[in-house]
Structure formats: C-alpha cells, structure tokens
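> Below are the structure tokens for one structure; questions will follow.
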Amino acid sequence: MNSYLERLYNGIVKENPTFILMLGMCPTLAVTTSAFNGLGMGLSTMAVLVVSNLIISALRNLIPDKVRIPAYIVIVASLVTVVQLLIQAYIPSLYDALGIYIPLIVVNCIILGRAEAYASKNPPLLAGFDGIGMGLGFSIALTCMGFFRELIGAGTVFSGTPFAYSLPEIYEPVSIFVLAPGAFLVLAFIIAFLNAMNIENNGRKKVEGCGGACGSCGKAENCDKRRKL
Amino acid sequence: MKELMLILVGAALVNNVVLSQFFGLCPFLGVSKQVKTAAGMGGAVIFVITISSAAASLIYDFVLVRLHLEYLQTIVFILVIAALVQLVEMFLKKVSPALYQALGVYLPLITTNCAVLGVVLQNVQKEYVFAEMGWNALLVSVVNGFGTALGFTIAIVIMAGIRERIAYNDIPKPFQGAPIVLLAACLMAIAFFGFSGLI
C-alpha cells in the first residue's frame, strides 16, 4: 500500500509537474484566467493521464520498443478525442472556455513524459496511481494559478459556480492579470516563492528533475541522460 | 494580396504564438539560452510548420471532409505531423547534409511542440478550408502557418538575447533560473500588446 501512497505524494509534492518539473507549460499559462477553468483543464488532463498510463502500462510488453512513441501518441490522441467529445456534450461552457487547448492535451509533455518515464516500466495499478498523483498535482497547480489570477485580475473567485465569491466593490480589478502578461507574472512569483521556501528549508536549491520526457523537453540537447526518440 | 499580408502580420506580431497564445512554451523556455541555438530552433520550426500546414490542409479538405470524419482531426493531424517530421529529417539528411547538421538536434523535438498542432487546428477552426474559400484555403493556411512560425522565431531570438545579457546580472536567489525568465517573458508580452492596434 505504501508504494501507492508514495506515488500520490510524489506527483503532488515531490515532483509536482508544473512547479518542480516545469512540464505542460502551455495550458498552465493559457487557460488559468479563472480558477474554474484551471480546475477543468487539470481534471481533463488527469482523466487522460490516468487512462493512458493504465493502457500503456498494460500494453508495455506488447509495444515494440522502436515504435513506442507513435503508439503512445495514438493512444493519447484517441483518449483526448473521447474527453473532448464528452466535455462538449456535458459541460459546453467549459468547452467554450478551454477551446483549442483541449485537443492540445495530446502534446502536453506531462502525459508522454509519464508514459515514457513511468508507465512503460511499471505494472498497471502503480501506473494508474502515478497518473492520479501527477494529475492531482497538475490540477492543484492550475487551480492555484487560476485562483490568484482571477482574484487579482477580476476580483472574483470560482465565478459561475455555486462556490462563487467576489471581493467588495471598493476593490479595483487589475485586469492585466487575466491577460497574457499576468500569466507569466503569477507563475514567476509562485516559483520564486517555492524556491525561497526550499532555500530556507535545506539551504540549497533543488535539482531540477525531468521525468525522462526527452521527446518534449526543450533542454534535451544539452542533457546527457537523453534517450533516443 | 492585402488580406494575405494582414494574415501574415496578424499571425507573427499581433497574436504572437508564444506571448499571447502560449503555444510552444517548452522550447521557448528551454532552448533560449543562446541566440545561435534559438535561431536554429526557430528555423526548424518555420520549416516544419509551413510544410505541415499545407499537408494538414490538404488532408483535412480532401480526406476527412469527404469521408465525414472531421471528429478524428486531432488524431490524424498529430500523426501527420509526426510522420512529416520524420520524413523531413530523412529528406534533409540525404539532400542537404549542411542544413541537416544545423537543424538536426531540434527536428525530433518539434513533434511535441504544441505550436505545430495548434496552428494546424486553428487553420481549421478559423475556417481556412476548401468548402469556404476553394483553393485559396491552401494558400491562406500556409501563410498563416508561416506567419505564426515567424512570430515564434522572433520571440525566441529576442528572449535568447535578453537571457544572454541577464546571465551575468546579480539576481536574487529565489528568482534565479525559471522565475527571472518568466518575468522577462511577462515584460515582452506587455511590449507585444503594443502591436494590437496594428490591424
């Protein structure tokens, strides 16, 4: 049981995909204009991630090593299409808000990264828990980004849901936070804050991990652990 | 001609792919340490996006629409892009070893650059399709793809220039690494807002 819980802890805290590994930056910055959108994106990605991890792990002995990347991409793309049609049918407002970023889940580095680094080497149940942990870590990160951007940029939190809360009228929203530059600004400050906590805790900066997602990693060219795509 | 220019400028500057639509952030943050490598990455992206816009446009108009399989576009497009990147790599290796040497490292990384899939999907979403504008659809798709890739190259080269300079600055410890790069990107995004009155 411990190794399952360890997977969850690993995904949410130790190797948080957004704040520590810096994977899947595009949706992190693009759709977090409100906390609800961030949560919706996080959960859709998590659904794809859990199922793709399960399937890839179950098929790990059947997929030949040479064509594994195309095989993973086909599996992930099919699942994304399913999720896209489901969201379109049941939560049309979320579908409109996320728009083109739903099909772009296919090229989210987190999913291929976990398939390559974890699901292709471990049994299905563990891989599923790894997906849940990573998905939760991603969802929490996105909701957190959305929370701050919506609060500062629009003066509301979770607007459009039953948990809606808005700041008193006297607050003048700083609308640049819901625009593009605000996304970079909020992420920069969150990561700087986490860095500061780390430096305080153990006096040294944490080593940046990569999860083995070389195919999608911009740093692969000067990395010695690179696996051939 | 005027419309094509507007699409080109709009894609490259006004709706800059990295700074206002957030596509292709992984290479933008990862491969922007030196101007030289950034320019190489930009060149490879221009090459692949332009070709894949044309290929995806043709496949969408003449295969998917004819067979009423539009809902398969995500799967088909990503496979087309992956195959095309492989093909381009093999083709360059044979025909132009010099260009292959220059772009070599970056080509495989481009498959998962979401700018490529993003542009191709946007071309369909904006209705640059055969049913709407006939053969012009192909031309408009290619111009939009080229403009987007040009915007990516402009952004990543400027970013690399900035990073080469801040490398020697005295940055507070928590802001070293990713945060300072994101702050620079934030300021660039504000600057690119200035282009929004252009069209």
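Each chain of the structure tokens is named A, B, ... in the order shown, its residues numbered from 1; ligands are numbered from 1 in display order.
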With only C-alpha atoms considered, list every residue of chain A at most 8 Å from chain B, as a VMD selection string.
chain A and resid 23 to 27 29 to 30 70 73 to 74 77 to 78 81 100 103 to 104 107 to 109 180 to 185 187 to 189 191 to 196 199 215 to 219 221 229
> I need the chosen residues saved as a JSON list (two decimals), in the first residue's frame, with C-alpha atoms.

[["chain", "number", "residue", "atom", "x", "y", "z"],
["A", 23, "LEU", "CA", 6.18, 20.43, -17.80],
["A", 24, "GLY", "CA", 2.96, 21.25, -19.62],
["A", 25, "MET", "CA", 3.54, 24.99, -19.53],
["A", 26, "CYS", "CA", 1.17, 25.86, -22.38],
["A", 27, "PRO", "CA", -2.15, 25.01, -20.66],
["A", 29, "LEU", "CA", -0.41, 29.72, -18.64],
["A", 30, "ALA", "CA", -3.16, 29.81, -21.24],
["A", 70, "PRO", "CA", 3.96, 6.78, -32.20],
["A", 73, "ILE", "CA", 0.69, 9.25, -29.33],
["A", 74, "VAL", "CA", -2.13, 7.28, -30.96],
["A", 77, "ALA", "CA", -4.85, 11.20, -29.09],
["A", 78, "SER", "CA", -7.77, 8.75, -29.04],
["A", 81, "THR", "CA", -10.80, 12.92, -28.59],
["A", 100, "ILE", "CA", -8.33, 24.72, -28.74],
["A", 103, "PRO", "CA", -7.14, 18.90, -28.35],
["A", 104, "LEU", "CA", -3.73, 20.25, -27.39],
["A", 107, "VAL", "CA", 1.04, 17.30, -26.90],
["A", 108, "ASN", "CA", 1.08, 18.01, -23.17],
["A", 109, "CYS", "CA", 4.57, 16.96, -22.12],
["A", 180, "ALA", "CA", -1.29, 37.17, -21.19],
["A", 181, "PRO", "CA", 1.43, 39.01, -19.23],
["A", 182, "GLY", "CA", -0.29, 38.25, -15.92],
["A", 183, "ALA", "CA", 0.12, 34.53, -16.51],
["A", 184, "PHE", "CA", 3.91, 34.85, -16.74],
["A", 185, "LEU", "CA", 3.98, 37.18, -13.75],
["A", 187, "LEU", "CA", 3.88, 31.79, -12.37],
["A", 188, "ALA", "CA", 7.20, 33.61, -11.87],
["A", 189, "PHE", "CA", 6.20, 34.70, -8.38],
["A", 191, "ILE", "CA", 8.00, 29.52, -8.43],
["A", 192, "ALA", "CA", 10.17, 32.18, -6.80],
["A", 193, "PHE", "CA", 8.16, 31.74, -3.58],
["A", 194, "LEU", "CA", 8.63, 27.96, -3.66],
["A", 195, "ASN", "CA", 12.36, 28.45, -4.37],
["A", 196, "ALA", "CA", 12.61, 30.77, -1.38],
["A", 199, "ILE", "CA", 16.38, 27.64, 0.17],
["A", 215, "GLY", "CA", 10.99, 13.98, -26.66],
["A", 216, "SER", "CA", 9.17, 17.02, -25.42],
["A", 217, "CYS", "CA", 11.86, 18.62, -23.31],
["A", 218, "GLY", "CA", 13.47, 21.77, -24.58],
["A", 219, "LYS", "CA", 16.58, 21.04, -22.56],
["A", 221, "GLU", "CA", 20.00, 18.93, -26.43],
["A", 229, "LEU", "CA", 13.46, 9.26, -29.64]]
> Find the residues around range 130-147 of chain B up to 7 Å (only C-alpha atoms counted), leave out those fewer than 5 positions away in its own chain, and share them as a CSV table (one decimal) with N, CA and C atoms, in the first residue's frame.

chain,number,residue,atom,x,y,z
B,4,LEU,N,-3.6,38.6,-47.5
B,4,LEU,CA,-2.5,37.7,-47.1
B,4,LEU,C,-1.5,38.5,-46.2
B,7,ILE,N,-3.0,38.7,-42.7
B,7,ILE,CA,-2.9,37.4,-42.0
B,7,ILE,C,-1.5,37.2,-41.5
B,8,LEU,N,-0.5,37.5,-42.4
B,8,LEU,CA,0.9,37.3,-42.0
B,8,LEU,C,1.3,38.1,-40.8
B,9,VAL,N,1.0,39.4,-40.9
B,9,VAL,CA,1.4,40.3,-39.8
B,9,VAL,C,0.6,40.0,-38.5
B,11,ALA,N,-0.6,37.0,-37.6
B,11,ALA,CA,-0.1,35.8,-37.0
B,11,ALA,C,1.3,36.0,-36.4
B,12,ALA,N,2.1,36.9,-37.0
B,12,ALA,CA,3.5,37.0,-36.5
B,12,ALA,C,3.6,37.9,-35.3
B,46,ILE,N,10.0,27.1,-38.4
B,46,ILE,CA,9.4,27.7,-39.6
B,46,ILE,C,9.2,26.6,-40.7
B,49,ILE,N,6.4,23.9,-39.6
B,49,ILE,CA,5.0,24.4,-39.5
B,49,ILE,C,4.5,24.7,-40.9
B,50,THR,N,5.4,25.4,-41.8
B,50,THR,CA,4.9,25.7,-43.1
B,50,THR,C,4.5,24.5,-43.9
B,53,SER,N,1.3,22.8,-42.3
B,53,SER,CA,0.1,23.5,-42.6
B,53,SER,C,-0.5,23.1,-43.9
B,54,ALA,N,0.4,23.0,-44.9
B,54,ALA,CA,0.0,22.6,-46.3
B,54,ALA,C,-0.5,21.2,-46.3
B,57,SER,N,-3.8,20.8,-44.3
B,57,SER,CA,-4.9,21.5,-45.0
B,57,SER,C,-5.4,20.6,-46.1
B,61,ASP,N,-9.2,18.8,-46.1
B,61,ASP,CA,-10.2,19.1,-47.1
B,61,ASP,C,-10.5,17.9,-48.0
B,119,VAL,N,-1.4,25.5,-34.6
B,119,VAL,CA,-1.6,26.2,-35.9
B,119,VAL,C,-2.5,25.4,-36.8
B,123,ASN,N,-6.1,26.6,-38.1
B,123,ASN,CA,-6.5,26.8,-39.5
B,123,ASN,C,-7.9,26.3,-39.8
> Would you please work out which residue, of A:Ala127, A:Val178, A:Ala47, A:Leu39, is nearest to Leu98 in chain A when using only C-alpha atoms?
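Distance minimum relative to Leu98 in chain A lands on A:Leu39.
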> Compile the contact shell of Asp96 in chain A as a PyMOL selection string: residues with an atom at most 12 Å away, counting only C-alpha atoms, same-chain residues fewer than 6 positions apart removed.
chain A and resi 31+37+40+84+87-90+102
> Go through A:Asn10, A:Thr33, A:Ser3, A:Asn16 and flag the residue nearest Thr156 in chain A, using only C-alpha atoms for the distances.
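Nearest to Thr156 in chain A: A:Thr33.
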> Excluding Lys36 in chain B and any residue of its chain fewer than 2 positions from it, enumerate the residues within 12 Å of it, using only C-alpha atoms, and give them as JSON, numbers by chain.
{"B": [31, 32, 33, 34, 38, 39, 40, 41, 42, 43, 102, 103, 153, 156, 157, 158, 159, 160, 161, 164]}
> Take the residues that were just selected and, keeping C-alpha atoms, output them as a CSV table (one decimal), in the first residue's frame.

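The new file again16.csv reads:
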chain,number,residue,atom,x,y,z
B,31,VAL,CA,16.2,26.4,-25.9
B,32,SER,CA,16.6,30.1,-25.4
B,33,LYS,CA,19.9,30.3,-23.6
B,34,GLN,CA,21.9,31.4,-26.7
B,38,ALA,CA,17.4,29.8,-30.6
B,39,ALA,CA,17.8,30.9,-34.2
B,40,GLY,CA,18.4,27.2,-35.2
B,41,MET,CA,15.2,26.1,-33.3
B,42,GLY,CA,13.3,29.0,-35.0
B,43,GLY,CA,14.5,27.9,-38.4
B,102,ALA,CA,22.2,22.9,-38.5
B,103,LEU,CA,18.7,21.8,-37.6
B,153,THR,CA,11.3,32.7,-34.1
B,156,ILE,CA,12.6,33.1,-29.1
B,157,VAL,CA,15.5,35.0,-30.6
B,158,ILE,CA,14.6,38.2,-28.6
B,159,MET,CA,14.3,36.0,-25.5
B,160,ALA,CA,17.7,34.4,-26.1
B,161,GLY,CA,19.2,37.9,-26.5
B,164,GLU,CA,22.5,36.2,-22.7
> For CA of Phe36 in chain A and CA of Val80 in chain A, determine how far apart the two atoms are, in Å to one decimal place.
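CA of Val80 in chain A lies 19.8 Å from CA of Phe36 in chain A.
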> I'd like the neighbourhood of Leu87 in chain B as a list in words, where a residue qualifies if any of its atoms comes within 12 Å (using only C-alpha atoms), though same-chain residues fewer than 6 positions away should be ignored.
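Neighbouring residues, sequence-local ones excluded: Val48, Ile51, Ser52, Val80, Ile81, Lys93, Lys94, Val95, Leu107, Pro108 and Thr111 of chain B.
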> Take the residues from that selection and write them out as a PDB file, in the first residue's frame, keeping N, CA, C and O atoms.

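Result written to out.pdb:
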ATOM      1  N   VAL B  48       9.053  23.244 -40.439  1.00  0.00           N
ATOM      2  CA  VAL B  48       8.071  22.184 -40.181  1.00  0.00           C
ATOM      3  C   VAL B  48       6.643  22.731 -40.200  1.00  0.00           C
ATOM      4  O   VAL B  48       5.747  22.121 -40.778  1.00  0.00           O
ATOM      5  N   ILE B  51       5.362  23.427 -43.832  1.00  0.00           N
ATOM      6  CA  ILE B  51       5.036  22.218 -44.582  1.00  0.00           C
ATOM      7  C   ILE B  51       3.813  21.522 -43.991  1.00  0.00           C
ATOM      8  O   ILE B  51       2.917  21.085 -44.714  1.00  0.00           O
ATOM      9  N   SER B  52       3.755  21.445 -42.649  1.00  0.00           N
ATOM     10  CA  SER B  52       2.641  20.685 -42.083  1.00  0.00           C
ATOM     11  C   SER B  52       1.319  21.427 -42.234  1.00  0.00           C
ATOM     12  O   SER B  52       0.264  20.784 -42.320  1.00  0.00           O
ATOM     13  N   VAL B  80       0.054  13.015 -38.812  1.00  0.00           N
ATOM     14  CA  VAL B  80       0.635  13.654 -39.992  1.00  0.00           C
ATOM     15  C   VAL B  80       1.888  14.425 -39.602  1.00  0.00           C
ATOM     16  O   VAL B  80       2.940  14.333 -40.254  1.00  0.00           O
ATOM     17  N   ILE B  81       1.791  15.178 -38.484  1.00  0.00           N
ATOM     18  CA  ILE B  81       2.945  15.981 -38.069  1.00  0.00           C
ATOM     19  C   ILE B  81       4.119  15.086 -37.702  1.00  0.00           C
ATOM     20  O   ILE B  81       5.258  15.320 -38.128  1.00  0.00           O
ATOM     21  N   LYS B  93      18.621  14.797 -44.502  1.00  0.00           N
ATOM     22  CA  LYS B  93      19.859  14.040 -44.317  1.00  0.00           C
ATOM     23  C   LYS B  93      20.457  13.671 -45.671  1.00  0.00           C
ATOM     24  O   LYS B  93      21.660  13.748 -45.876  1.00  0.00           O
ATOM     25  N   LYS B  94      19.582  13.271 -46.602  1.00  0.00           N
ATOM     26  CA  LYS B  94      20.048  12.863 -47.936  1.00  0.00           C
ATOM     27  C   LYS B  94      20.393  14.068 -48.796  1.00  0.00           C
ATOM     28  O   LYS B  94      21.439  14.110 -49.427  1.00  0.00           O
ATOM     29  N   VAL B  95      19.468  15.054 -48.835  1.00  0.00           N
ATOM     30  CA  VAL B  95      19.583  16.112 -49.835  1.00  0.00           C
ATOM     31  C   VAL B  95      20.516  17.229 -49.393  1.00  0.00           C
ATOM     32  O   VAL B  95      21.335  17.707 -50.168  1.00  0.00           O
ATOM     33  N   LEU B 107      14.949  18.927 -34.769  1.00  0.00           N
ATOM     34  CA  LEU B 107      13.832  18.358 -35.525  1.00  0.00           C
ATOM     35  C   LEU B 107      12.975  17.393 -34.707  1.00  0.00           C
ATOM     36  O   LEU B 107      11.758  17.569 -34.642  1.00  0.00           O
ATOM     37  N   PRO B 108      13.557  16.368 -34.048  1.00  0.00           N
ATOM     38  CA  PRO B 108      12.699  15.433 -33.316  1.00  0.00           C
ATOM     39  C   PRO B 108      11.915  16.110 -32.196  1.00  0.00           C
ATOM     40  O   PRO B 108      10.820  15.669 -31.837  1.00  0.00           O
ATOM     41  N   THR B 111       7.996  17.552 -32.899  1.00  0.00           N
ATOM     42  CA  THR B 111       6.737  16.803 -32.921  1.00  0.00           C
ATOM     43  C   THR B 111       5.843  17.213 -31.762  1.00  0.00           C
ATOM     44  O   THR B 111       4.640  17.388 -31.915  1.00  0.00           O
TER      45      THR B 111
END
